[in-house]
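S.K.: What follows is the file run.txt, containing compact mmCIF, C-alpha atoms:
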# COMPACT_ATOMS: atom_id res chain seq x y z
CA ALA A 1 -20.52 -59.83 54.97
CA GLN A 2 -17.62 -58.03 53.36
CA SER A 3 -17.20 -57.27 49.68
CA VAL A 4 -14.61 -55.54 47.51
CA THR A 5 -15.25 -53.69 44.28
CA GLN A 6 -12.58 -52.75 41.80
CA LEU A 7 -14.42 -50.47 39.45
CA ASP A 8 -12.11 -50.76 36.46
CA SER A 9 -11.26 -54.07 34.84
CA GLN A 10 -8.57 -52.41 32.73
CA VAL A 11 -6.72 -49.12 33.02
CA PRO A 12 -4.58 -48.04 30.05
CA VAL A 13 -2.09 -45.28 30.76
CA PHE A 14 0.92 -43.83 29.00
CA GLU A 15 4.38 -44.47 30.38
CA GLU A 16 5.52 -41.82 32.90
CA ALA A 17 1.92 -40.68 33.47
CA PRO A 18 0.24 -40.93 36.88
CA VAL A 19 -2.27 -43.69 37.60
CA GLU A 20 -4.99 -44.40 40.12
CA LEU A 21 -6.56 -47.82 40.56
CA ARG A 22 -9.82 -47.68 42.46
CA CYS A 23 -10.96 -49.97 45.23
CA ASN A 24 -14.08 -49.70 47.36
CA TYR A 25 -15.14 -52.07 50.08
CA SER A 26 -18.22 -52.83 52.11
CA SER A 27 -18.07 -53.96 55.72
CA SER A 28 -19.94 -53.33 58.96
CA VAL A 29 -16.82 -53.99 61.03
CA SER A 30 -13.21 -52.86 60.95
CA VAL A 31 -11.09 -54.34 58.19
CA TYR A 32 -7.49 -54.57 57.11
CA LEU A 33 -6.83 -53.54 53.50
CA PHE A 34 -4.28 -54.86 51.04
CA TRP A 35 -3.07 -54.34 47.50
CA TYR A 36 -1.32 -57.20 45.72
CA VAL A 37 0.28 -57.26 42.27
CA GLN A 38 0.40 -60.28 39.96
CA TYR A 39 2.79 -60.32 37.03
CA PRO A 40 1.95 -62.70 34.15
CA ASN A 41 2.14 -66.37 35.13
CA GLN A 42 3.33 -65.57 38.63
CA GLY A 43 2.00 -65.58 42.17
CA LEU A 44 0.96 -62.49 44.06
CA GLN A 45 3.28 -59.98 45.64
CA LEU A 46 2.23 -57.68 48.48
CA LEU A 47 2.41 -54.04 47.40
CA LEU A 48 1.17 -52.41 50.57
CA LYS A 49 -1.28 -52.79 53.42
CA TYR A 50 -3.29 -50.71 55.85
CA LEU A 51 -3.79 -52.10 59.34
CA SER A 52 -4.12 -48.95 61.46
CA GLY A 53 -2.58 -45.52 62.00
CA SER A 54 -1.74 -43.14 59.18
CA THR A 55 -4.24 -43.39 56.38
CA LEU A 56 -1.60 -42.80 53.71
CA VAL A 57 0.36 -45.97 53.16
CA LYS A 58 3.50 -46.24 51.08
CA GLY A 59 4.46 -49.50 49.45
CA ILE A 60 7.02 -50.98 47.15
CA ASN A 61 7.83 -49.85 43.61
CA GLY A 62 6.71 -46.27 44.28
CA PHE A 63 3.06 -47.11 44.94
CA GLU A 64 0.96 -45.60 47.69
CA ALA A 65 -2.65 -45.88 48.80
CA GLU A 66 -4.96 -43.84 50.99
CA PHE A 67 -7.54 -45.31 53.31
CA ASN A 68 -10.71 -43.23 53.35
CA LYS A 69 -13.11 -44.57 55.95
CA SER A 70 -15.98 -42.25 55.10
CA GLN A 71 -15.88 -43.24 51.45
CA THR A 72 -14.90 -46.86 52.23
CA SER A 73 -12.15 -46.62 49.66
CA PHE A 74 -8.51 -47.66 49.38
CA HIS A 75 -7.34 -46.34 46.02
CA LEU A 76 -3.86 -47.17 44.74
CA ARG A 77 -1.73 -44.47 43.14
CA LYS A 78 1.60 -44.03 41.45
CA PRO A 79 2.84 -40.63 40.24
CA SER A 80 4.74 -41.97 37.23
CA VAL A 81 4.33 -45.47 35.83
CA HIS A 82 6.91 -47.56 34.06
CA ILE A 83 6.47 -50.27 31.47
CA SER A 84 7.47 -52.80 34.14
CA ASP A 85 4.30 -51.91 36.09
CA THR A 86 2.23 -53.79 33.54
CA ALA A 87 0.42 -56.37 35.67
CA GLU A 88 -2.85 -57.31 37.35
CA TYR A 89 -3.57 -55.52 40.62
CA PHE A 90 -5.83 -56.97 43.28
CA CYS A 91 -7.40 -55.19 46.23
CA ALA A 92 -8.38 -57.33 49.23
CA VAL A 93 -9.77 -56.96 52.74
CA SER A 94 -9.82 -59.10 55.83
CA LEU A 95 -11.59 -58.76 59.14
CA ALA A 96 -9.51 -56.88 61.69
CA GLY A 97 -8.96 -59.24 64.58
CA GLY A 98 -10.33 -62.23 62.74
CA SER A 99 -9.13 -65.73 63.47
CA ASN A 100 -7.71 -66.80 60.13
CA TYR A 101 -7.62 -63.44 58.35
CA GLN A 102 -9.24 -64.83 55.21
CA LEU A 103 -9.04 -62.37 52.35
CA ILE A 104 -12.01 -61.10 50.40
CA TRP A 105 -10.83 -60.26 46.89
CA GLY A 106 -11.72 -57.71 44.28
CA ALA A 107 -11.98 -58.83 40.67
CA GLY A 108 -8.65 -57.25 39.77
CA THR A 109 -7.58 -54.38 37.53
CA LYS A 110 -5.25 -54.90 34.63
CA LEU A 111 -2.83 -52.02 34.30
CA ILE A 112 -1.75 -51.55 30.70
CA ILE A 113 1.19 -49.25 30.09
CA LYS A 114 1.34 -47.68 26.65
CA PRO A 115 4.77 -46.62 25.36
CA GLY H 1 11.81 -62.22 54.52
CA ALA H 2 8.37 -63.88 54.23
CA VAL H 3 9.18 -66.07 51.25
CA VAL H 4 6.83 -68.83 50.15
CA SER H 5 7.83 -71.45 47.60
CA GLN H 6 5.76 -73.89 45.59
CA HIS H 7 6.80 -77.02 43.81
CA PRO H 8 6.41 -77.91 41.03
CA SER H 9 5.90 -74.70 39.10
CA ARG H 10 4.34 -76.55 36.18
CA VAL H 11 3.03 -80.07 35.84
CA ILE H 12 1.41 -81.99 33.01
CA CYS H 13 -0.28 -85.25 33.83
CA LYS H 14 -2.61 -87.80 32.31
CA SER H 15 -6.25 -87.96 33.24
CA GLY H 16 -6.83 -90.25 36.21
CA THR H 17 -3.48 -89.72 37.88
CA SER H 18 -2.82 -87.83 41.11
CA VAL H 19 -0.65 -84.76 41.47
CA LYS H 20 0.90 -83.40 44.65
CA ILE H 21 1.78 -79.72 45.03
CA GLU H 22 4.00 -78.54 47.87
CA CYS H 23 3.85 -75.15 49.57
CA ARG H 24 6.67 -74.14 51.91
CA SER H 25 7.27 -71.08 54.04
CA LEU H 26 11.05 -70.65 53.80
CA ASP H 27 11.89 -68.14 56.50
CA PHE H 28 8.92 -68.09 58.83
CA GLN H 29 6.49 -70.39 60.58
CA ALA H 30 3.01 -70.61 59.16
CA THR H 31 0.26 -71.97 61.37
CA THR H 32 -2.21 -71.22 58.60
CA MET H 33 -1.85 -71.74 54.88
CA PHE H 34 -4.41 -71.10 52.20
CA TRP H 35 -4.96 -72.80 48.86
CA TYR H 36 -6.41 -70.87 45.96
CA ARG H 37 -7.37 -71.66 42.41
CA GLN H 38 -7.24 -69.04 39.70
CA PHE H 39 -8.97 -69.32 36.34
CA PRO H 40 -7.71 -67.28 33.38
CA LYS H 41 -8.37 -63.57 33.68
CA GLN H 42 -10.14 -64.02 37.01
CA SER H 43 -9.51 -63.31 40.63
CA LEU H 44 -8.46 -65.90 43.18
CA MET H 45 -10.92 -68.46 44.45
CA LEU H 46 -10.23 -69.73 47.96
CA MET H 47 -10.36 -73.52 48.02
CA ALA H 48 -9.42 -74.28 51.61
CA THR H 49 -7.78 -73.03 54.77
CA SER H 50 -5.16 -75.30 56.24
CA ASN H 51 -4.14 -75.14 59.90
CA GLU H 52 -1.05 -76.97 61.10
CA GLY H 53 -1.89 -80.23 62.79
CA SER H 54 -5.60 -80.19 62.04
CA LYS H 55 -7.97 -80.92 59.19
CA ALA H 56 -8.37 -78.35 56.48
CA THR H 57 -11.51 -76.27 56.19
CA TYR H 58 -12.89 -76.41 52.66
CA GLU H 59 -14.96 -73.75 50.97
CA GLN H 60 -18.41 -74.57 49.73
CA GLY H 61 -18.34 -76.48 46.48
CA VAL H 62 -14.77 -77.76 46.87
CA GLU H 63 -14.57 -81.54 47.09
CA LYS H 64 -12.38 -82.51 50.02
CA ASP H 65 -11.87 -86.04 48.68
CA LYS H 66 -10.72 -84.62 45.38
CA PHE H 67 -8.38 -82.00 46.78
CA LEU H 68 -6.52 -83.53 49.72
CA ILE H 69 -4.71 -81.07 51.94
CA ASN H 70 -2.09 -81.95 54.51
CA HIS H 71 -0.41 -79.43 56.82
CA ALA H 72 1.90 -81.59 58.88
CA SER H 73 4.45 -78.99 59.90
CA LEU H 74 4.71 -75.25 60.44
CA THR H 75 6.51 -74.80 57.13
CA LEU H 76 4.87 -77.26 54.76
CA SER H 77 1.40 -77.82 53.34
CA THR H 78 0.57 -80.09 50.43
CA LEU H 79 -2.35 -80.18 48.02
CA THR H 80 -2.99 -83.46 46.22
CA VAL H 81 -5.33 -83.42 43.26
CA THR H 82 -6.62 -86.99 43.13
CA SER H 83 -7.77 -88.68 39.94
CA ALA H 84 -7.21 -85.50 38.00
CA HIS H 85 -9.41 -84.65 35.04
CA PRO H 86 -9.02 -81.99 32.35
CA GLU H 87 -11.43 -79.68 34.20
CA ASP H 88 -8.94 -79.60 37.09
CA SER H 89 -6.44 -77.83 34.85
CA SER H 90 -5.79 -74.48 36.45
CA PHE H 91 -3.32 -72.25 38.26
CA TYR H 92 -3.05 -73.22 41.92
CA ILE H 93 -1.57 -70.72 44.39
CA CYS H 94 -0.83 -71.12 48.07
CA SER H 95 -0.31 -68.47 50.71
CA ALA H 96 0.88 -68.51 54.29
CA ARG H 97 0.45 -66.35 57.37
CA ASP H 98 3.46 -65.40 59.47
CA TYR H 99 1.78 -65.72 62.86
CA LEU H 100 4.80 -64.49 64.80
CA ALA H 101 4.66 -61.21 62.87
CA GLY H 102 1.01 -60.64 63.71
CA GLY H 103 -0.44 -62.99 61.13
CA GLU H 104 -2.68 -60.49 59.35
CA THR H 105 -0.72 -60.62 56.09
CA GLN H 106 -0.75 -63.48 53.60
CA TYR H 107 2.40 -64.13 51.60
CA PHE H 108 1.96 -65.96 48.33
CA GLY H 109 3.84 -68.65 46.52
CA PRO H 110 4.66 -68.35 42.81
CA GLY H 111 1.88 -70.72 41.80
CA THR H 112 1.66 -74.12 40.11
CA ARG H 113 0.18 -74.49 36.64
CA LEU H 114 -1.52 -77.85 36.26
CA LEU H 115 -2.47 -79.23 32.87
CA VAL H 116 -4.39 -82.48 32.78
CA LEU H 117 -4.49 -84.21 29.41
Here is the file; what I need is its structure written in the form of structure tokens.
M.R.:
Amino acid sequence: AQSVTQLDSQVPVFEEAPVELRCNYSSSVSVYLFWYVQYPNQGLQLLLKYLSGSTLVKGINGFEAEFNKSQTSFHLRKPSVHISDTAEYFCAVSLAGGSNYQLIWGAGTKLIIKP
Amino acid sequence: GAVVSQHPSRVICKSGTSVKIECRSLDFQATTMFWYRQFPKQSLMLMATSNEGSKATYEQGVEKDKFLINHASLTLSTLTVTSAHPEDSSFYICSARDYLAGGETQYFGPGTRLLVL
């Protein structure tokens, strides 16, 4: 079975500082990896995804993530955060080549931007 | 591209009534749609997987007679909360797979906040 661990429930960071949100997964088979962002009282928006190929993935809003197979990690990074990045961030995995591509979710990390 | 809408965005109803929530893929065809429930400050809980033209597959612990799902077309799935009770109050989110684009990515609707009085 697959599982996803987001180690930090909250990450406070000053505006314009860099940030890293951590995500580790467990799976015995190949997976696809995703980061979604949820702004207050809204649905989820896809930030970026890793399916195959280059392990460094660039997404929207200046975010990027690196797939590290040996460490089973897919950490999300941004070099300089803005107040508008305040949101909940979810890491998720699905089985590569699965039939329905159901997502296994992390618990989420709340990014708090301090002015 | 890959836009998913939900309607209504918010609904308040009396206990015992039924509420229907619509999920539409606006610019792509979705053979599979998912329905989630999200409690405050928590992650998403998958309720059911809905495949076009067939019965939905419900997750363990989700009452299929309580949460009726219909996926009659490639762009529309509906979730009906029957005989709603206050404990059904929650944020319901749908997602859809764009199968023509590979299908591995789920695109989410904006969610529906249900309050049962």
S.K.: Tell me which of H:Thr112, H:Asn51, H:Thr105, H:Ser83 sits closest to H:Pro8, counting only C-alpha atoms.
M.R.: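 Of H:Thr112, H:Asn51, H:Thr105, H:Ser83, the one nearest H:Pro8 is H:Thr112, counting only C-alpha atoms.
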S.K.: Neighbours of stretch 54-65 of chain H within 12 Å (only C-alpha atoms; same-chain residues fewer than 2 positions away dropped), as an MDAnalysis selection string?
M.R.: (chainID A and resid 100 102) or (chainID H and resid 18 31:37 45:52 67:74 77:84 88)
S.K.: I'd like the neighbourhood of A:Ser28 as a list in words, where a residue qualifies if any of its atoms comes within 12 Å (using only C-alpha atoms), though same-chain residues fewer than 4 positions away should be ignored.
M.R.: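 What passes the distance filter is Ala1, Gln2, Ser3, Lys69, Thr72, Leu95 and Ala96 of chain A.
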S.K.: Dump C-alpha atoms for the selected residues as a CSV table (one decimal), keeping the file's coordinate frame?
M.R.:
chain,number,residue,atom,x,y,z
A,1,ALA,CA,-20.5,-59.8,55.0
A,2,GLN,CA,-17.6,-58.0,53.4
A,3,SER,CA,-17.2,-57.3,49.7
A,69,LYS,CA,-13.1,-44.6,56.0
A,72,THR,CA,-14.9,-46.9,52.2
A,95,LEU,CA,-11.6,-58.8,59.1
A,96,ALA,CA,-9.5,-56.9,61.7
S.K.: Only residues of chain A matter here; which ones have an atom within 12 Å of chain H, counting all atoms listed in the file? Give them as a PDB file with C-alpha atoms, keeping the file's coordinate frame.
M.R.:
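part_18.pdb written:
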ATOM      1  CA  VAL A   4     -14.610 -55.540  47.510  1.00  0.00           C
ATOM      2  CA  THR A   5     -15.250 -53.690  44.280  1.00  0.00           C
ATOM      3  CA  GLN A   6     -12.580 -52.750  41.800  1.00  0.00           C
ATOM      4  CA  SER A   9     -11.260 -54.070  34.840  1.00  0.00           C
ATOM      5  CA  GLN A  10      -8.570 -52.410  32.730  1.00  0.00           C
ATOM      6  CA  VAL A  31     -11.090 -54.340  58.190  1.00  0.00           C
ATOM      7  CA  TYR A  32      -7.490 -54.570  57.110  1.00  0.00           C
ATOM      8  CA  LEU A  33      -6.830 -53.540  53.500  1.00  0.00           C
ATOM      9  CA  PHE A  34      -4.280 -54.860  51.040  1.00  0.00           C
ATOM     10  CA  TRP A  35      -3.070 -54.340  47.500  1.00  0.00           C
ATOM     11  CA  TYR A  36      -1.320 -57.200  45.720  1.00  0.00           C
ATOM     12  CA  VAL A  37       0.280 -57.260  42.270  1.00  0.00           C
ATOM     13  CA  GLN A  38       0.400 -60.280  39.960  1.00  0.00           C
ATOM     14  CA  TYR A  39       2.790 -60.320  37.030  1.00  0.00           C
ATOM     15  CA  PRO A  40       1.950 -62.700  34.150  1.00  0.00           C
ATOM     16  CA  ASN A  41       2.140 -66.370  35.130  1.00  0.00           C
ATOM     17  CA  GLN A  42       3.330 -65.570  38.630  1.00  0.00           C
ATOM     18  CA  GLY A  43       2.000 -65.580  42.170  1.00  0.00           C
ATOM     19  CA  LEU A  44       0.960 -62.490  44.060  1.00  0.00           C
ATOM     20  CA  GLN A  45       3.280 -59.980  45.640  1.00  0.00           C
ATOM     21  CA  LEU A  46       2.230 -57.680  48.480  1.00  0.00           C
ATOM     22  CA  LEU A  47       2.410 -54.040  47.400  1.00  0.00           C
ATOM     23  CA  LEU A  48       1.170 -52.410  50.570  1.00  0.00           C
ATOM     24  CA  LYS A  49      -1.280 -52.790  53.420  1.00  0.00           C
ATOM     25  CA  TYR A  50      -3.290 -50.710  55.850  1.00  0.00           C
ATOM     26  CA  LEU A  51      -3.790 -52.100  59.340  1.00  0.00           C
ATOM     27  CA  SER A  52      -4.120 -48.950  61.460  1.00  0.00           C
ATOM     28  CA  ALA A  87       0.420 -56.370  35.670  1.00  0.00           C
ATOM     29  CA  GLU A  88      -2.850 -57.310  37.350  1.00  0.00           C
ATOM     30  CA  TYR A  89      -3.570 -55.520  40.620  1.00  0.00           C
ATOM     31  CA  PHE A  90      -5.830 -56.970  43.280  1.00  0.00           C
ATOM     32  CA  CYS A  91      -7.400 -55.190  46.230  1.00  0.00           C
ATOM     33  CA  ALA A  92      -8.380 -57.330  49.230  1.00  0.00           C
ATOM     34  CA  VAL A  93      -9.770 -56.960  52.740  1.00  0.00           C
ATOM     35  CA  SER A  94      -9.820 -59.100  55.830  1.00  0.00           C
ATOM     36  CA  LEU A  95     -11.590 -58.760  59.140  1.00  0.00           C
ATOM     37  CA  ALA A  96      -9.510 -56.880  61.690  1.00  0.00           C
ATOM     38  CA  GLY A  97      -8.960 -59.240  64.580  1.00  0.00           C
ATOM     39  CA  GLY A  98     -10.330 -62.230  62.740  1.00  0.00           C
ATOM     40  CA  SER A  99      -9.130 -65.730  63.470  1.00  0.00           C
ATOM     41  CA  ASN A 100      -7.710 -66.800  60.130  1.00  0.00           C
ATOM     42  CA  TYR A 101      -7.620 -63.440  58.350  1.00  0.00           C
ATOM     43  CA  GLN A 102      -9.240 -64.830  55.210  1.00  0.00           C
ATOM     44  CA  LEU A 103      -9.040 -62.370  52.350  1.00  0.00           C
ATOM     45  CA  ILE A 104     -12.010 -61.100  50.400  1.00  0.00           C
ATOM     46  CA  TRP A 105     -10.830 -60.260  46.890  1.00  0.00           C
ATOM     47  CA  GLY A 106     -11.720 -57.710  44.280  1.00  0.00           C
ATOM     48  CA  ALA A 107     -11.980 -58.830  40.670  1.00  0.00           C
ATOM     49  CA  GLY A 108      -8.650 -57.250  39.770  1.00  0.00           C
ATOM     50  CA  THR A 109      -7.580 -54.380  37.530  1.00  0.00           C
ATOM     51  CA  LYS A 110      -5.250 -54.900  34.630  1.00  0.00           C
TER      52      LYS A 110
END
S.K.: With distances taken over all atoms listed in the file, which of H:Phe39, H:Leu117, H:Ala2, H:Ala101 is nearest to H:Leu26?
M.R.: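 Of H:Phe39, H:Leu117, H:Ala2, H:Ala101, the one nearest H:Leu26, counting all atoms listed in the file, is H:Ala2.
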S.K.: Have a look at atom CA of A:Ser84 and atom CA of A:Leu21 and let me know their distance in Å, one decimal.
M.R.: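 Between atom CA of A:Ser84 and atom CA of A:Leu21 the gap works out to 16.2 Å.
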